[in-house]
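Accompanying notes for the structure given below.
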Amino acid sequence: MSDVASSSSLAMSGGRKPLLDVEDLRVAFRTEEGVVQAVDGVSFHLDAGEVLAIVGESGCGKSVTGMTLMGLTRSPNARFGGRATFDGRDLLAASDDELRRVRGAQIAMVFQDPMTALNPVLRVGPQLVEQIRAHGDLGRDEALERARALLERVGIPRPEERLRAYPHELSGGMRQRVMIAMALSCDPRVLIADEPTTALDVTIQAQILEEVRRLRAETNAGVILITHDLGVVADVADRVAVMYAGQIVEQGTLDELFYDPQHPYTWGLLGSIARVDRPRPPRLPAIAGTPPSLADPPHGCRFRPRCPHAFERCGELPPLEARAGHPDRCWLTPEQKRTKRRVGGQIGLAHGDEEVAA
Amino acid sequence: MTRFVVRRLISMVLVLFAISVLTFLIFQVIPNGDPAQRMAGRLSTPETVAAIRRTWGFDQPIWQQYLTTMKKIFSGEVISYTQQVNVLDQIKQDLPATLSLAIGAGIIWLVLGVLFGLLSAIRAGRFTDRALTVLALVGVSTPVFLLGAVALYFLAFRVQLFPNGGYVPLTSDPPQWLYHMILPWLVLSVLFIGIYSRVLRSNLLDTMNEDYVRTARAKGISERRVLLRHVLRNSLIPIVSLWSLDFAAVIGGGAILTESVFNLHGVGQYAAESIAQLDVPPVMVVVMFGAFFVVVLSAVTDVIFALLDPRIRLT
């Protein structure tokens, strides 16, 4: 547990209290295949007005992390550990009722798929009004007026008409704007955006990201952006946490992550971005293999089975600690990393059979 | 909307035509089904049988007989072979009992089915859910004639809590009507409650995993509101269609067993007696009457669907 202590003390190094402080978050689900440790000792903090990106492949626990902060993973089959301090209270220990008052009001969430995230049988207006009225004592008409103003604010033309529309009458981008309006309806201090642009066209993606950036500036809310898209990260994030198999494997500022990545998994993610400004590779580089089952994770470093640079020491789980400026979970020395991450003149993850370029 | 009504009317005519032809043909091929022979009795002379056959038109070609029967049905002059009374009058007389049974039981099975389904889904996997699952299984697999007979034996004969069958018209004595209907209502409802609660339970559990329910929770609205406004409403659609079809079937004489066990003299019991005597005209009328209700109620169901789910358009 020493690794956790070191990373959280690092998190507090700013001196003042962060808006949200997550320490050693653990989430396990009892399933038919056994206990799945979906989140295993995750620590991070979030300040007001900052965008923290959580990056990783599908199934690495990033969405579960976000949903757990909202209490949306609570179930008889879920077990939680650690602390998530928001506004002086531990969200994990809060009662369902306390949590209900926080979510939607102080912490709000935007989900991945806007096509299914709105109730298909209710008009947009009532769906917005419902949340506004749950957290304040506005009358119906005042709440409706507020809903109209929110739609206008997120760039929806003719908001009066849209309030009366059913979700299926709106486009995907429009629906995601409605979701964002909904999330913002009670002026939250933390906005959790779970893959907000994944289901959208590239042009719409850019608009939605612009919206997130603008709102962060206007409201000074802290944003947790959950994504697998490093392009999105480069666009809006201030800091980045890379997650792999339920753990954070590297955490740092945007520049640190992009220009001085320490963990081989991060190299792999960076190496697999398709770039139009470089010669096209014969094959789009990918990280070989698939993420491990969280019901039975590998011993030692979780990334070892897929890592071409693994050596004896990797049988032991590396702690998340700063070896070269920002914390990561890899036993290689900073010097080794600097050499090994160069593949064909760029950052990437060498394939097992390939010679690592010096 | 006009298109919808026209389409439904056309399909109603087709359904009624098909079902009347089928019913008519079935009775032509049933052994020992010659109506003239049956009317004449066992000790009749061939001459009497021939005379009856001629008078009633049984010597004409089948399609002619069918047309005559249909004409009589639609002009309201159709006479049964055995009792030789007007079939429509008979149905009119039996309808109040059947309507009483259908409406009362329909409300009971809908309310209790939804209630038990909801309870079962909220407590999924826990004791209440398991207990209700067992009850539903017992309810679905107990035949009505057994359940009705057992209920009558214990509650009407041994304990004398309820009357031993029979029907009292609502118009003549409301309290007695209620008193006579309670047991039939409950017995008829048991099967449907079992089915509906299971269907609703699985629908609810599916809907609870929908993204928009997660969105609703994320809004911070009360769990009760999430359940009623976002989960239940979307899960009720299949229940509505089940209900209207079952309800139509019961009105159309489908509760044959319940009506017979409790001696309610409803449309179903009339159909049962007519079938036993191979009496074609009443059977045809009851069958078409039932089909009519099924078609009408399924149209009504489509309208309700469109109201419940704005994505559904009436075509």
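Starting from 1 in every chain, residues are counted up; chains themselves are A, B, ... following the order of the structure tokens, and ligands are numbered from 1 as listed.
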For this session: Identify all residues of segment 145-301 of chain B in helix (DSSP H, G or I) (DSSP on the backbone) and supply them as an NGL selection string.
Result: :B and (145-158 or 174-208 or 211-218 or 223-254 or 256-261 or 267-276 or 280-301)
Return as JSON lines the residues of chain A lying at most 7 Å from chain B, together with the closest atom-to-atom pair for each and the distance in Å to one decimal, counting only C-alpha atoms, with rows in chain order and ascending residue number.
{"residue": "A:Met70", "atom": "CA", "partner": "B:Ala218", "partner_atom": "CA", "distance": 7.0}
{"residue": "A:Arg100", "atom": "CA", "partner": "B:Gly220", "partner_atom": "CA", "distance": 4.6}
{"residue": "A:Arg101", "atom": "CA", "partner": "B:Gly220", "partner_atom": "CA", "distance": 6.0}
{"residue": "A:Arg103", "atom": "CA", "partner": "B:Gly220", "partner_atom": "CA", "distance": 5.1}
{"residue": "A:Gly104", "atom": "CA", "partner": "B:Lys219", "partner_atom": "CA", "distance": 4.2}
{"residue": "A:Ala108", "atom": "CA", "partner": "B:Ala218", "partner_atom": "CA", "distance": 6.9}
{"residue": "A:Met109", "atom": "CA", "partner": "B:Ala218", "partner_atom": "CA", "distance": 6.8}
{"residue": "A:Thr116", "atom": "CA", "partner": "B:Asp211", "partner_atom": "CA", "distance": 5.7}
{"residue": "A:Ala117", "atom": "CA", "partner": "B:Tyr212", "partner_atom": "CA", "distance": 4.2}
{"residue": "A:Leu118", "atom": "CA", "partner": "B:Tyr212", "partner_atom": "CA", "distance": 4.9}
{"residue": "A:Asn119", "atom": "CA", "partner": "B:Tyr212", "partner_atom": "CA", "distance": 5.1}
{"residue": "A:Val121", "atom": "CA", "partner": "B:Asp309", "partner_atom": "CA", "distance": 5.1}
{"residue": "A:Gln131", "atom": "CA", "partner": "B:Lys219", "partner_atom": "CA", "distance": 5.4}
{"residue": "A:Ala134", "atom": "CA", "partner": "B:Ile221", "partner_atom": "CA", "distance": 5.7}
Exercise. Out of B:Phe192, B:Phe289, B:Phe305, B:Phe154, which residue has the shortest atom-to-atom distance to Leu236 of chain B when counting only C-alpha atoms?
Worked result: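 The closest residue to Leu236 of chain B is B:Phe305.
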Exercise. As a PyMOL selection string, which residues of segment 46-238 of chain A does DSSP assign to strand (DSSP E or B)?
Worked result: chain A and resi 46+51-55+78-86+89-90+103+107-110+190-194+222-227
For this session: Show which residues sit within 8 Å of Ala105 of chain B, as a list in words. Count only C-alpha atoms, and ignore same-chain residues fewer than 2 positions away.
Result: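 Close residues of Ala105 of chain B: Leu101, Ala102, Ile103, Ile107, Ile108, Trp109, Pro184, Trp185, Leu186, Leu188 and Ser189 of chain B.
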Exercise. Which polymer residues have any atom within 8 Å of an atom of segment 117-126 of chain B, counting only C-alpha atoms, with same-chain residues fewer than 5 positions away left out, as a PyMOL selection string?
Worked result: chain B and resi 132-133+196-202+204-205
Taking 6 positions as the minimum chain separation for residues in the same chain, which residues sit within 12 Å of Thr227 of chain A when counting only C-alpha atoms? Answer as a compact mmCIF listing (two decimals) with N, CA, C and O atoms, in the first residue's frame.
# COMPACT_ATOMS: atom_id res chain seq x y z
N LEU A 52 -9.09 16.68 -16.18
CA LEU A 52 -8.27 15.49 -15.98
C LEU A 52 -8.79 14.41 -16.92
O LEU A 52 -9.96 14.06 -16.89
N ALA A 53 -7.90 13.92 -17.77
CA ALA A 53 -8.32 12.86 -18.67
C ALA A 53 -7.94 11.52 -18.07
O ALA A 53 -6.83 11.36 -17.57
N ILE A 54 -8.88 10.58 -18.10
CA ILE A 54 -8.54 9.20 -17.73
C ILE A 54 -8.59 8.39 -19.02
O ILE A 54 -9.62 8.33 -19.69
N VAL A 55 -7.44 7.81 -19.36
CA VAL A 55 -7.30 7.16 -20.66
C VAL A 55 -7.06 5.67 -20.47
O VAL A 55 -6.40 5.25 -19.53
N GLY A 56 -7.57 4.87 -21.38
CA GLY A 56 -7.29 3.44 -21.33
C GLY A 56 -8.17 2.69 -22.30
O GLY A 56 -9.11 3.26 -22.87
N GLU A 57 -7.86 1.42 -22.50
CA GLU A 57 -8.67 0.59 -23.38
C GLU A 57 -10.02 0.28 -22.73
O GLU A 57 -10.19 0.47 -21.53
N SER A 58 -10.93 -0.27 -23.52
CA SER A 58 -12.22 -0.70 -22.97
C SER A 58 -11.97 -1.73 -21.87
O SER A 58 -11.10 -2.58 -22.01
N GLY A 59 -12.74 -1.64 -20.81
CA GLY A 59 -12.65 -2.65 -19.77
C GLY A 59 -11.50 -2.45 -18.81
O GLY A 59 -11.16 -3.35 -18.06
N CYS A 60 -10.88 -1.25 -18.81
CA CYS A 60 -9.76 -1.05 -17.90
C CYS A 60 -10.22 -0.43 -16.59
O CYS A 60 -9.44 -0.23 -15.68
N GLY A 61 -11.51 -0.13 -16.49
CA GLY A 61 -12.04 0.38 -15.22
C GLY A 61 -12.26 1.87 -15.19
O GLY A 61 -12.62 2.43 -14.15
N LYS A 62 -12.09 2.55 -16.32
CA LYS A 62 -12.24 4.01 -16.28
C LYS A 62 -13.69 4.45 -16.10
O LYS A 62 -13.97 5.33 -15.29
N SER A 63 -14.60 3.78 -16.80
CA SER A 63 -16.01 4.15 -16.62
C SER A 63 -16.50 3.79 -15.22
O SER A 63 -17.26 4.55 -14.61
N GLY A 66 -15.58 6.47 -12.85
CA GLY A 66 -16.45 7.63 -12.94
C GLY A 66 -17.82 7.37 -12.33
O GLY A 66 -18.34 8.18 -11.56
N PHE A 111 -22.84 10.83 -20.54
CA PHE A 111 -22.53 9.44 -20.90
C PHE A 111 -22.13 9.30 -22.35
O PHE A 111 -22.30 10.19 -23.16
N GLN A 112 -21.65 8.11 -22.64
CA GLN A 112 -21.06 7.85 -23.95
C GLN A 112 -22.04 7.95 -25.11
O GLN A 112 -21.79 8.64 -26.07
N ILE A 192 -18.33 14.80 -14.93
CA ILE A 192 -17.66 13.59 -15.39
C ILE A 192 -18.18 13.29 -16.79
O ILE A 192 -19.37 13.08 -16.98
N ALA A 193 -17.29 13.34 -17.77
CA ALA A 193 -17.72 13.08 -19.14
C ALA A 193 -17.14 11.74 -19.57
O ALA A 193 -15.94 11.60 -19.74
N ASP A 194 -18.03 10.76 -19.72
CA ASP A 194 -17.59 9.40 -20.03
C ASP A 194 -17.68 9.17 -21.54
O ASP A 194 -18.76 8.96 -22.07
N GLU A 195 -16.56 9.25 -22.21
CA GLU A 195 -16.52 9.07 -23.67
C GLU A 195 -17.58 9.94 -24.34
O GLU A 195 -18.41 9.42 -25.10
N PRO A 196 -17.59 11.24 -24.10
CA PRO A 196 -18.71 12.06 -24.59
C PRO A 196 -18.75 12.18 -26.10
O PRO A 196 -19.77 12.53 -26.66
N THR A 197 -17.65 11.89 -26.78
CA THR A 197 -17.64 12.11 -28.23
C THR A 197 -17.49 10.82 -29.02
O THR A 197 -17.50 10.85 -30.25
N THR A 198 -17.35 9.70 -28.32
CA THR A 198 -17.04 8.44 -29.02
C THR A 198 -18.09 8.07 -30.05
O THR A 198 -17.78 7.56 -31.12
N ALA A 199 -19.38 8.31 -29.72
CA ALA A 199 -20.43 7.85 -30.62
C ALA A 199 -20.77 8.89 -31.69
O ALA A 199 -21.73 8.72 -32.41
N VAL A 233 -7.76 13.81 -25.84
CA VAL A 233 -6.97 14.19 -24.67
C VAL A 233 -6.08 15.38 -25.00
O VAL A 233 -6.05 16.38 -24.28
N ALA A 234 -5.36 15.26 -26.13
CA ALA A 234 -4.44 16.33 -26.52
C ALA A 234 -5.18 17.64 -26.70
O ALA A 234 -4.65 18.72 -26.44
N ASP A 235 -6.44 17.55 -27.10
CA ASP A 235 -7.25 18.72 -27.37
C ASP A 235 -7.65 19.49 -26.13
O ASP A 235 -7.58 20.71 -26.10
N VAL A 236 -8.10 18.79 -25.09
CA VAL A 236 -8.70 19.53 -23.97
C VAL A 236 -8.10 19.27 -22.59
O VAL A 236 -8.37 20.03 -21.67
N ALA A 237 -7.28 18.20 -22.42
CA ALA A 237 -6.89 17.84 -21.06
C ALA A 237 -5.76 18.70 -20.52
O ALA A 237 -4.91 19.20 -21.27
N VAL A 240 -3.32 13.98 -17.29
CA VAL A 240 -3.76 12.71 -17.82
C VAL A 240 -3.42 11.59 -16.85
O VAL A 240 -2.34 11.58 -16.27
N ALA A 241 -4.37 10.67 -16.65
CA ALA A 241 -4.07 9.45 -15.91
C ALA A 241 -4.31 8.30 -16.88
O ALA A 241 -5.37 8.22 -17.49
N VAL A 242 -3.31 7.44 -17.04
CA VAL A 242 -3.47 6.30 -17.94
C VAL A 242 -3.85 5.10 -17.09
O VAL A 242 -3.16 4.78 -16.13
N MET A 243 -4.95 4.46 -17.44
CA MET A 243 -5.38 3.30 -16.66
C MET A 243 -5.18 2.02 -17.45
O MET A 243 -5.39 1.98 -18.67
